[in-house]
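*Asks:* File query.tsv below, TSV, C-alpha atoms:
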chain	number	residue	atom	x	y	z
A	1	MET	CA	34.40	1.60	-17.59
A	2	ARG	CA	31.81	-1.11	-17.17
A	3	ALA	CA	31.97	-2.60	-13.70
A	4	ARG	CA	30.21	-5.50	-12.03
A	5	VAL	CA	29.79	-5.70	-8.30
A	6	LEU	CA	28.70	-8.90	-6.60
A	7	VAL	CA	26.95	-8.51	-3.25
A	8	ARG	CA	26.37	-11.57	-1.09
A	9	PRO	CA	25.02	-12.29	2.37
A	10	LYS	CA	27.91	-12.51	4.80
A	11	ALA	CA	29.05	-16.01	5.67
A	12	GLY	CA	27.52	-17.19	8.93
A	13	ILE	CA	24.39	-15.07	8.64
A	14	LEU	CA	21.28	-17.12	8.04
A	15	ASP	CA	20.19	-16.78	4.41
A	16	PRO	CA	16.56	-17.95	4.27
A	17	GLN	CA	16.31	-17.10	0.59
A	18	GLY	CA	19.21	-19.45	-0.15
A	19	ILE	CA	17.62	-22.14	1.99
A	20	ALA	CA	14.29	-21.80	0.19
A	21	VAL	CA	15.98	-22.20	-3.19
A	22	GLU	CA	18.07	-25.11	-1.93
A	23	ARG	CA	14.90	-26.88	-0.79
A	24	ALA	CA	13.10	-26.19	-4.04
A	25	LEU	CA	15.72	-27.77	-6.27
A	26	PRO	CA	15.39	-31.43	-5.14
A	27	ALA	CA	11.64	-31.11	-5.61
A	28	LEU	CA	12.40	-30.56	-9.30
A	29	GLY	CA	14.71	-33.55	-9.44
A	30	PHE	CA	17.99	-31.65	-8.95
A	31	GLU	CA	19.70	-33.68	-6.26
A	32	GLY	CA	23.09	-33.05	-4.71
A	33	VAL	CA	22.81	-29.27	-4.36
A	34	SER	CA	23.96	-27.58	-1.17
A	35	ASN	CA	25.21	-24.25	0.17
A	36	VAL	CA	22.89	-22.15	-1.95
A	37	HIS	CA	23.11	-18.41	-1.33
A	38	VAL	CA	21.25	-15.63	-3.07
A	39	GLY	CA	22.97	-12.31	-3.61
A	40	ARG	CA	22.74	-9.66	-6.26
A	41	LEU	CA	24.79	-8.43	-9.16
A	42	ILE	CA	25.07	-4.72	-9.84
A	43	GLU	CA	26.33	-3.56	-13.21
A	44	LEU	CA	27.38	0.02	-13.71
A	45	ASP	CA	29.37	2.32	-15.96
A	46	VAL	CA	31.88	4.31	-13.93
A	47	GLU	CA	34.30	7.02	-14.95
A	48	ASP	CA	36.58	6.38	-12.00
A	49	PRO	CA	36.75	2.69	-11.01
A	50	SER	CA	39.04	3.56	-8.09
A	51	ARG	CA	35.94	4.86	-6.32
A	52	LEU	CA	34.04	1.57	-6.60
A	53	ASP	CA	35.12	0.35	-3.19
A	54	GLU	CA	33.83	3.53	-1.56
A	55	MET	CA	30.53	3.17	-3.46
A	56	CYS	CA	30.19	-0.38	-2.18
A	57	ARG	CA	30.86	0.54	1.42
A	58	LEU	CA	28.51	3.53	1.40
A	59	LEU	CA	25.57	2.36	-0.67
A	60	LEU	CA	25.81	-0.75	-2.83
A	61	ALA	CA	26.38	-3.09	0.11
A	62	ASN	CA	25.85	-2.99	3.86
A	63	PRO	CA	29.18	-4.31	5.14
A	64	LEU	CA	27.57	-5.36	8.42
A	65	ILE	CA	25.51	-8.04	6.71
A	66	GLU	CA	26.93	-8.34	3.21
A	67	ASP	CA	30.23	-9.09	1.50
A	68	TYR	CA	30.95	-7.41	-1.79
A	69	GLU	CA	33.39	-8.06	-4.56
A	70	VAL	CA	34.22	-6.00	-7.61
A	71	LEU	CA	34.29	-8.64	-10.31
A	72	GLY	CA	36.38	-6.63	-12.69
A	73	THR	CA	35.95	-3.81	-15.12
A	74	THR	CA	35.83	-3.76	-18.87
A	75	SER	CA	35.73	-0.81	-21.21
A	76	SER	CA	32.20	0.55	-21.63
A	77	GLY	CA	30.23	-0.83	-24.53
A	78	ALA	CA	31.89	-4.22	-24.33
A	79	ALA	CA	29.63	-7.06	-23.30
A	80	ALA	CA	29.78	-7.34	-19.55
B	1	MET	CA	5.19	19.60	21.66
B	2	ILE	CA	5.55	19.22	17.93
B	3	PHE	CA	6.21	15.93	16.16
B	4	GLY	CA	7.71	15.96	12.68
B	5	VAL	CA	6.90	12.89	10.57
B	6	VAL	CA	9.28	12.38	7.66
B	7	GLN	CA	7.56	11.57	4.38
B	8	PHE	CA	9.50	9.71	1.68
B	9	PRO	CA	8.22	8.66	-1.71
B	10	GLY	CA	6.91	5.20	-0.85
B	11	SER	CA	6.10	5.92	2.79
B	12	CYS	CA	2.67	4.50	3.57
B	13	ASP	CA	2.28	4.83	7.32
B	14	ASP	CA	3.11	8.53	7.42
B	15	GLU	CA	-0.51	9.63	7.71
B	16	ASP	CA	-1.24	7.11	10.44
B	17	ALA	CA	1.87	8.20	12.32
B	18	LEU	CA	0.77	11.81	11.94
B	19	ARG	CA	-2.68	11.00	13.36
B	20	ALA	CA	-1.16	9.04	16.23
B	21	CYS	CA	1.22	11.88	17.11
B	22	ALA	CA	-1.62	14.40	16.85
B	23	ARG	CA	-3.33	12.60	19.72
B	24	VAL	CA	-0.44	13.56	21.94
B	25	GLY	CA	0.77	16.88	20.55
B	26	ASP	CA	1.01	18.87	17.36
B	27	ALA	CA	2.23	16.98	14.33
B	28	ARG	CA	3.31	17.88	10.84
B	29	LEU	CA	4.76	16.10	7.83
B	30	LEU	CA	8.33	16.78	6.72
B	31	TRP	CA	9.04	16.21	3.03
B	32	HIS	CA	12.14	14.08	2.37
B	33	GLY	CA	13.57	16.57	-0.11
B	34	SER	CA	13.90	19.33	2.44
B	35	GLY	CA	16.69	19.56	4.97
B	36	GLU	CA	14.62	21.99	7.06
B	37	LEU	CA	13.06	20.36	10.11
B	38	GLY	CA	11.66	23.60	11.49
B	39	ASP	CA	10.96	23.83	15.20
B	40	VAL	CA	9.89	20.23	15.79
B	41	ASP	CA	10.67	18.64	19.16
B	42	ALA	CA	10.74	15.02	17.98
B	43	ILE	CA	11.07	13.16	14.71
B	44	VAL	CA	9.19	10.08	13.57
B	45	VAL	CA	10.52	8.12	10.61
B	46	PRO	CA	7.45	6.12	9.56
B	47	GLY	CA	6.84	2.77	7.95
B	48	GLY	CA	6.39	1.98	4.30
B	49	PHE	CA	8.67	1.39	1.36
B	50	SER	CA	10.88	4.46	1.13
B	51	TYR	CA	12.24	4.87	-2.39
B	52	GLY	CA	10.63	1.54	-3.24
B	53	ASP	CA	12.97	-0.19	-0.78
B	54	TYR	CA	15.25	-0.61	-3.81
B	55	LEU	CA	18.72	-2.06	-3.21
B	56	ARG	CA	18.06	-2.64	0.51
B	57	CYS	CA	15.30	-1.38	2.77
B	58	GLY	CA	16.24	2.13	3.86
B	59	ALA	CA	19.49	2.21	1.90
B	60	ILE	CA	18.55	5.11	-0.34
B	61	ALA	CA	16.31	7.01	2.06
B	62	ARG	CA	19.19	7.52	4.46
B	63	PHE	CA	20.85	9.88	1.99
B	64	SER	CA	17.84	12.17	1.61
B	65	PRO	CA	18.21	15.81	2.74
B	66	ALA	CA	15.62	15.20	5.47
B	67	MET	CA	17.62	12.28	6.89
B	68	GLU	CA	20.81	14.32	6.89
B	69	ALA	CA	18.97	16.90	8.96
B	70	VAL	CA	17.58	14.16	11.22
B	71	THR	CA	21.11	12.88	11.79
B	72	GLY	CA	22.14	16.36	12.95
B	73	PHE	CA	19.00	16.60	15.10
B	74	ALA	CA	19.80	13.26	16.75
B	75	ALA	CA	23.42	14.26	17.32
B	76	LYS	CA	22.19	17.20	19.40
B	77	GLY	CA	20.09	14.84	21.51
B	78	GLY	CA	16.78	15.31	19.69
B	79	PRO	CA	14.46	12.31	20.04
B	80	VAL	CA	14.04	10.22	16.88
B	81	LEU	CA	11.60	7.32	16.58
B	82	GLY	CA	11.81	4.90	13.65
B	83	ILE	CA	8.95	2.50	13.00
B	84	CYS	CA	9.37	-0.53	10.71
B	85	ASN	CA	10.80	0.95	7.51
B	86	GLY	CA	11.84	3.90	9.66
B	87	PHE	CA	13.78	1.47	11.88
B	88	GLN	CA	15.50	0.12	8.76
B	89	VAL	CA	16.35	3.65	7.66
B	90	LEU	CA	17.85	4.51	11.06
B	91	CYS	CA	20.00	1.36	10.99
B	92	GLU	CA	21.20	2.11	7.47
B	93	ALA	CA	21.95	5.68	8.56
B	94	GLY	CA	24.09	4.39	11.42
B	95	LEU	CA	21.86	6.11	14.00
B	96	LEU	CA	21.12	2.67	15.42
B	97	PRO	CA	23.35	-0.39	15.60
B	98	GLY	CA	22.61	-3.52	13.59
B	99	ALA	CA	20.50	-4.23	10.54
B	100	LEU	CA	17.17	-5.77	9.55
B	101	LEU	CA	17.25	-8.90	7.38
B	102	ASN	CA	14.48	-10.79	5.65
B	103	ASN	CA	12.27	-12.88	7.93
B	104	THR	CA	13.46	-16.41	8.59
B	105	GLY	CA	10.20	-17.70	7.12
B	106	VAL	CA	10.81	-15.70	3.89
B	107	ARG	CA	7.23	-14.46	4.14
B	108	PHE	CA	5.40	-11.28	4.83
B	109	VAL	CA	4.15	-11.43	8.42
B	110	CYS	CA	1.09	-9.44	9.45
B	111	ARG	CA	-0.33	-9.98	12.92
B	112	GLN	CA	-0.75	-8.65	16.42
B	113	VAL	CA	2.20	-9.41	18.69
B	114	VAL	CA	2.93	-9.00	22.36
B	115	CYS	CA	6.14	-7.19	23.22
B	116	GLU	CA	7.78	-6.84	26.58
B	117	VAL	CA	9.37	-3.56	27.63
B	118	VAL	CA	12.86	-4.45	28.83
B	119	ASP	CA	14.41	-1.00	29.13
B	120	VAL	CA	12.81	2.16	30.52
B	121	ASP	CA	15.95	4.25	30.70
B	122	ASN	CA	14.97	6.33	27.68
B	123	PRO	CA	12.31	8.95	26.93
B	124	PHE	CA	10.18	6.59	24.83
B	125	THR	CA	9.48	4.06	27.59
B	126	HIS	CA	10.42	5.87	30.81
B	127	ALA	CA	6.71	6.23	31.70
B	128	LEU	CA	6.17	2.50	31.22
B	129	ALA	CA	7.04	-0.26	33.64
B	130	GLU	CA	9.88	-2.68	33.08
B	131	GLY	CA	8.27	-5.97	32.08
B	132	GLU	CA	5.11	-4.23	30.87
B	133	ARG	CA	3.52	-5.94	27.89
B	134	LEU	CA	2.32	-4.10	24.83
B	135	SER	CA	-0.03	-5.45	22.19
B	136	LEU	CA	1.07	-4.03	18.84
B	137	PRO	CA	0.69	-5.07	15.20
B	138	ILE	CA	3.57	-6.01	12.94
B	139	LYS	CA	3.55	-6.16	9.13
B	140	HIS	CA	6.87	-6.72	7.47
B	141	THR	CA	9.02	-8.97	5.32
B	142	THR	CA	12.36	-7.61	6.46
B	143	GLY	CA	12.15	-7.50	10.22
B	144	ARG	CA	14.76	-9.97	11.44
B	145	TYR	CA	16.98	-7.87	13.66
B	146	TYR	CA	20.66	-8.75	13.47
B	147	ALA	CA	23.82	-7.46	15.05
B	148	PRO	CA	27.17	-9.25	15.28
B	149	ALA	CA	27.59	-11.17	18.56
B	150	GLU	CA	30.12	-8.78	20.07
B	151	GLN	CA	28.05	-5.70	19.29
B	152	LEU	CA	24.94	-7.45	20.55
B	153	ALA	CA	26.57	-8.26	23.88
B	154	GLU	CA	27.58	-4.64	24.26
B	155	MET	CA	24.06	-3.47	23.44
B	156	GLU	CA	22.51	-5.86	25.94
B	157	ALA	CA	25.00	-4.72	28.58
B	158	HIS	CA	24.00	-1.09	28.04
B	159	GLY	CA	20.25	-1.68	28.08
B	160	GLN	CA	19.88	-0.83	24.42
B	161	VAL	CA	17.34	-3.55	23.78
B	162	VAL	CA	14.07	-1.77	24.57
B	163	LEU	CA	11.43	-4.22	23.32
B	164	ARG	CA	11.42	-7.99	22.97
B	165	TYR	CA	8.80	-10.24	21.45
B	166	ALA	CA	7.15	-12.23	24.24
B	167	GLU	CA	8.49	-15.73	24.82
B	168	ASP	CA	7.94	-18.21	22.01
B	169	SER	CA	6.38	-15.58	19.75
B	170	ASN	CA	9.37	-14.33	17.75
B	171	PRO	CA	7.71	-13.71	14.37
B	172	ASN	CA	10.77	-13.17	12.17
B	173	GLY	CA	13.84	-14.83	13.64
B	174	SER	CA	15.23	-11.68	15.27
B	175	VAL	CA	18.31	-12.35	17.35
B	176	ASN	CA	17.52	-12.36	21.11
B	177	ASP	CA	13.81	-11.84	20.22
B	178	ILE	CA	14.55	-8.17	19.62
B	179	ALA	CA	11.63	-6.00	18.52
B	180	GLY	CA	13.14	-2.59	19.25
B	181	VAL	CA	16.53	-1.07	20.09
B	182	ARG	CA	17.88	2.32	21.06
B	183	ASN	CA	21.19	4.06	20.71
B	184	ARG	CA	23.52	4.29	23.71
B	185	GLN	CA	22.35	7.83	24.59
B	186	GLY	CA	18.71	6.75	24.48
B	187	ASN	CA	17.38	9.47	22.19
B	188	VAL	CA	16.99	7.26	19.10
B	189	LEU	CA	14.60	4.29	19.14
B	190	GLY	CA	13.75	1.92	16.32
B	191	LEU	CA	11.12	-0.80	16.47
B	192	MET	CA	9.39	-3.12	14.01
B	193	PRO	CA	5.92	-3.12	15.64
B	194	HIS	CA	3.61	-0.37	14.40
B	195	LEU	CA	2.71	1.59	17.49
B	196	GLU	CA	0.89	4.12	15.29
B	197	HIS	CA	-1.66	1.39	14.45
B	198	ALA	CA	-2.48	0.87	18.13
B	199	VAL	CA	-3.72	4.23	19.34
B	200	GLU	CA	-7.53	4.05	19.19
B	201	PRO	CA	-10.18	1.69	20.60
B	202	LEU	CA	-11.05	0.59	17.08
B	203	HIS	CA	-7.47	-0.67	16.64
B	204	GLY	CA	-8.06	-3.23	19.38
B	205	SER	CA	-5.15	-1.83	21.37
B	206	GLU	CA	-4.10	1.64	22.45
B	207	ASP	CA	-0.73	0.54	23.77
B	208	GLY	CA	1.13	2.48	21.08
B	209	LEU	CA	-0.10	5.68	22.61
B	210	LYS	CA	1.86	4.93	25.79
B	211	VAL	CA	5.15	5.31	23.94
B	212	LEU	CA	4.18	8.63	22.38
B	213	GLN	CA	2.84	9.89	25.71
B	214	SER	CA	6.02	8.83	27.45
B	215	LEU	CA	8.05	10.80	24.93
B	216	ALA	CA	5.81	13.86	25.29
B	217	GLU	CA	6.03	13.73	29.07
B	218	SER	CA	9.79	13.50	29.01
B	219	LEU	CA	10.04	16.52	26.73
B	220	VAL	CA	7.76	18.60	28.93
B	221	GLY	CA	9.80	17.58	31.94
B	222	ALA	CA	13.09	18.37	30.23
Could the structure of this file be written out as structure tokens, please?
*Replies:*
Amino acid sequence: MRARVLVRPKAGILDPQGIAVERALPALGFEGVSNVHVGRLIELDVEDPSRLDEMCRLLLANPLIEDYEVLGTTSSGAAA
Amino acid sequence: MIFGVVQFPGSCDDEDALRACARVGDARLLWHGSGELGDVDAIVVPGGFSYGDYLRCGAIARFSPAMEAVTGFAAKGGPVLGICNGFQVLCEAGLLPGALLNNTGVRFVCRQVVCEVVDVDNPFTHALAEGERLSLPIKHTTGRYYAPAEQLAEMEAHGQVVLRYAEDSNPNGSVNDIAGVRNRQGNVLGLMPHLEHAVEPLHGSEDGLKVLQSLAESLVGA
């Protein structure tokens, strides 16, 4: 299975990367943008998707500072 | 006493840490791929970019055979010192509470800082005075210490904050100006400042030596 895992900074924790991006956008003429947060997307082929949560807790995310979400799985080979 | 300095692919302060430890006792490198620590009396997890710092700083290093052995060593009360990337590794490994986040200024910070010793109830600072100030260099992008408010209050109550950046000099946005923390038992210390770069007159400060000497003294006295 092809899986996608979204990892984001936990709400309430200062996200300076998000702030930097948010400040950069108006400078390019993109007004009206707020609440920018930068996370990461991890794509992986897994034989047993039921173990994804465990993978997230142990390695892919640090639950103390990050929220994670399994965005769904598709059969391998399909465009993810 | 014998210091063991863990060497990961991507470590870059391992040799400096080795030299610093060698000023106080015997010191040897421990390769990350081996779970054998030998007869070392203390472990140093040095700075650098273990495993390229991929995913998160320290996230992959914590699963190395050497770190599994270090976890066992710490559980038996063995002293473990994590510097910069080593601090990040120890947090990821759960040997220390909290986590290190990217600096508030989103920039690499490299400069000399003054830290205040706020806890001496541990082998690393027991020979220092409470309130003593240390001049140490920092060089990091991911040094903003964070712990959830409840955990932080508990840590403060148990004296687990060992080093704080001097007033108005917090370089990275660390909560409560924290530069270094220890576990509840006191045998694991992590700090962002590079004490191994402050051990010779040429460094401009030898304050880092005080921490290593304190540790050595406590082991001899044990």
*Asks:* Closest to A:Leu64 among A:Pro9, A:Val33, A:Glu43, A:Ser50, using all atoms listed in the file?
*Replies:*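 Looking only at the distances to A:Leu64, the closest residue turns out to be A:Pro9.
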*Asks:* Of the candidates A:Ala20, A:Met1, A:Arg51, A:Asn35, which shows the shortest atom-to-atom distance to A:Gly72, using all atoms listed in the file?
*Replies:*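 Distance minimum relative to A:Gly72 lands on A:Met1.
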*Asks:* Can you measure atom CA of B:Asp177 to atom CA of B:Asn122 for me? One decimal in Å is fine.
*Replies:*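 Atom-to-atom, atom CA of B:Asp177 and atom CA of B:Asn122 are spaced 19.7 Å apart.
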*Asks:* Considering only C-alpha atoms, can you say which of A:Val46, A:Val70, A:Ala24, A:Leu14 comes closest to chain B?
*Replies:* A:Leu14
*Asks:* What would the list of residues within 9 Å of (21.2, -1.6, 10.6) (file frame) look like as a list in words, if only C-alpha atoms are what count?
*Replies:*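 Using only C-alpha atoms, the matching residues come out as Asn62, Leu64 and Ile65 of chain A; Phe87, Gln88, Val89, Leu90, Cys91, Glu92, Ala93, Gly94, Leu95, Leu96, Pro97, Gly98, Ala99, Leu100, Leu101, Tyr145, Tyr146 and Ala147 of chain B.
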*Asks:* Interatomic distance between atom CA of B:Leu189 and atom CA of B:Gln160?
*Replies:*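 Computing the Euclidean distance for atom CA of B:Leu189 and atom CA of B:Gln160 yields 9.1 Å.
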*Asks:* Taking only C-alpha atoms into account and nothing else, which residues of chain B lie no more than 7 Å away from chain A? Please answer as a list in words.
*Replies:* Ala59, Thr104, Gly105 and Val106 of chain B
*Asks:* So, counting all atoms listed in the file, which residue among B:Ala149, B:Ile178, B:Cys84, B:Leu215 is closest to B:Val118?
*Replies:* B:Ile178
*Asks:* Of the candidates B:Ala20, B:Leu195, B:Ile138, B:Val181, which shows the shortest atom-to-atom distance to B:Leu152, using all atoms listed in the file?
*Replies:*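 Of the candidates, the smallest distance to B:Leu152 is held by B:Val181.
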*Asks:* Find the residues near B:Pro79: any atom within 8 Å, counting all atoms listed in the file, skip ones fewer than 6 places away on the same chain, and give them as a ChimeraX atom specification.
*Replies:* /B:41-43,73,123,187-188
*Asks:* Store the residues picked out above, limited to C-alpha atoms, as a PDB file, keeping the file's coordinate frame.
*Replies:*
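Below is the file selection.pdb, written as the result:
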ATOM      1  CA  ASP B  41      10.670  18.640  19.160  1.00  0.00           C
ATOM      2  CA  ALA B  42      10.740  15.020  17.980  1.00  0.00           C
ATOM      3  CA  ILE B  43      11.070  13.160  14.710  1.00  0.00           C
ATOM      4  CA  PHE B  73      19.000  16.600  15.100  1.00  0.00           C
ATOM      5  CA  PRO B 123      12.310   8.950  26.930  1.00  0.00           C
ATOM      6  CA  ASN B 187      17.380   9.470  22.190  1.00  0.00           C
ATOM      7  CA  VAL B 188      16.990   7.260  19.100  1.00  0.00           C
TER       8      VAL B 188
END
*Asks:* I'd like the contact shell of stretch 44-53 of chain B - 8 Å cut-off, all atoms listed in the file, skipping same-chain residues fewer than 6 positions apart - returned as a VMD selection string.
*Replies:* chain B and resid 3 to 14 17 59 to 61 80 to 87 89 194
*Asks:* Stretch 27-34 of chain A, all listed atoms, 3 Å padding on each side: what axis-aligned box centre and edge lengths in Å to one decimal come out, as JSON?
*Replies:*
{"center_x": 17.8, "center_y": -30.6, "center_z": -5.3, "size_x": 18.3, "size_y": 12.1, "size_z": 14.3}
*Asks:* Give me, please, the distance in Å between atom CA of B:Ala22 and atom CA of B:Glu200, quoted to one decimal.
*Replies:*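 Distance reported for this atom pair: 12.1 Å.
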*Asks:* When you count all atoms listed in the file, which of these residues is closest to B:Phe108: B:His140, B:Arg23, B:His203, B:His32?
*Replies:*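 The shortest atom-to-atom distance to B:Phe108 comes from B:His140.
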